[in-house]
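Q: One structure, pasted below without further comment.
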Amino acid sequence: MAKNRVFLDSSVLITAVLSSRGGSFYILTQLNDICEFQTNEYVLEEVQRILGSKFSSAPELKTKLFLILGSASVHVFSNQPAKDLKSFTKIINKEDAPILASATKYSSYLLTLDNDFFQKDVVYFAKQRNLVIIKPREFINSFQRYA
């Protein structure tokens, strides 16, 4: 059986690093038998920047990030070329366009806590490209029977 291709937004990675009791951490540690986790360089840079600025007093969080990425076998894609992002900036803000572009190209699910991705136009755009945008709790509920 093919694994579900799941693109991880920075919000999911950050919450997984900050709490080993939350849904994001659970997904990355317990559902990797049924999921192929993916992200891109843009997301990783954003996560590292946030951990470095907002959590500078806890440098061990960056180590935890890479341990999680490794144990969950997260595949990191190169960023989409800037010219390919133009159509996405018509749908979502410029900062989230690289995430939506990679998720629609490589994945079946976009796992995020960012409410900008749940705007009606964005959800419709994603659905037309066979991408389901979903929050960790709903994702867990959808796949609980496999865990």
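By convention in this document, the chains of the structure tokens carry letters A, B, ... by their order, each chain's residues are numbered from 1, and ligands are numbered from 1 in the order they are shown.
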Counting only C-alpha atoms, what is within 12 Å of Val123 (chain A), bar same-chain residues fewer than 2 positions away, as a list of chain:residue names?
A: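 Once the nearby chain positions are removed, what remains is A:Ile91, A:Ile92, A:Leu100, A:Thr104, A:Tyr109, A:Leu110, A:Asn115, A:Asp116, A:Phe117, A:Phe118, A:Gln119, A:Lys120, A:Asp121, A:Phe125, A:Ala126, A:Lys127, A:Gln128, A:Arg129, A:Asn130, A:Leu131, A:Val132, A:Ile133, A:Ile134.
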Q: Just asking: which residues within chain A are helix (DSSP H, G or I) according to DSSP, as a PyMOL selection string?
A: chain A and resi 10-18+23-30+41-54+60-71+82-89+97-106+115-118+120-128+136-146
Q: Using only C-alpha atoms, pick whichever of A:Ala101, A:Ile68, A:Ile34, A:Ile27 has the shortest atom-to-atom distance to Ala82 (chain A).
A: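 Using only C-alpha atoms, Ala82 (chain A) sits closest to A:Ala101.
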Q: Rounded to one decimal in Å, what is the spacing between CA of Val17 (chain A) and CA of Lys62 (chain A)?
A: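 Between CA of Val17 (chain A) and CA of Lys62 (chain A) the gap is 8.2 Å.
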Q: Which residues in chain A does DSSP call strand (DSSP E or B)? List them as a list of chain:residue names.
A: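 The residues of chain A classed as strand (DSSP E or B) are A:Asn4, A:Arg5, A:Val6, A:Phe7, A:Leu8, A:Cys35, A:Glu36, A:Phe37, A:Gln38, A:Thr39, A:Asn40, A:His75, A:Val76, A:Phe77, A:Tyr109, A:Leu110, A:Leu111, A:Val132, A:Ile133, A:Ile134.
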Q: Nearest residue to Thr112 (chain A) out of A:Lys3, A:Gln30, A:Glu46, A:Ile14, using only C-alpha atoms?
A: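 Among A:Lys3, A:Gln30, A:Glu46, A:Ile14, it is A:Ile14 that comes nearest to Thr112 (chain A).
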Q: Check the smallest atom-to-atom distance from each of A:Leu111, A:Leu69, A:Val122, A:Leu28 to Val6 (chain A) using only C-alpha atoms, then report the winner.
A: A:Leu111
Q: Using only C-alpha atoms for the distances, tell me which of A:Arg137, A:Asp114, A:Leu13, A:Pro98 is nearest to Ile50 (chain A).
A: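 Ranked by minimum distance to Ile50 (chain A), first place goes to A:Leu13.
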Q: For Ser71 (chain A), which residue among A:Tyr124, A:Tyr106, A:Phe25, A:Phe55 is the nearest when counting only C-alpha atoms?
A: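 With only C-alpha atoms as the atom set, the closest residue is A:Phe25.
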Q: Tell me which of A:His75, A:Phe88, A:Asp9, A:Lys105 sits closest to Glu45 (chain A), counting only C-alpha atoms.
A: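 Closest residue, counting only C-alpha atoms: A:Asp9.
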Q: When you look at Ala2 (chain A) with a cut-off of 12 Å (counting only C-alpha atoms), what residues show up, excluding the ones that are within fewer than 4 positions of it in the same chain? I need them as a count of residues only.
A: 5
Q: Skipping near chain neighbours, those fewer than 5 positions away, what residues fall within 8 Å of region 18-23 of chain A using only C-alpha atoms, listed as a PyMOL selection string?
A: chain A and resi 61+136-137+140
Q: Rounded to one decimal in Å, what is the spacing between CA of Thr63 (chain A) and CA of Leu51 (chain A)?
A: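 Here the two named atoms are 10.6 Å from each other.
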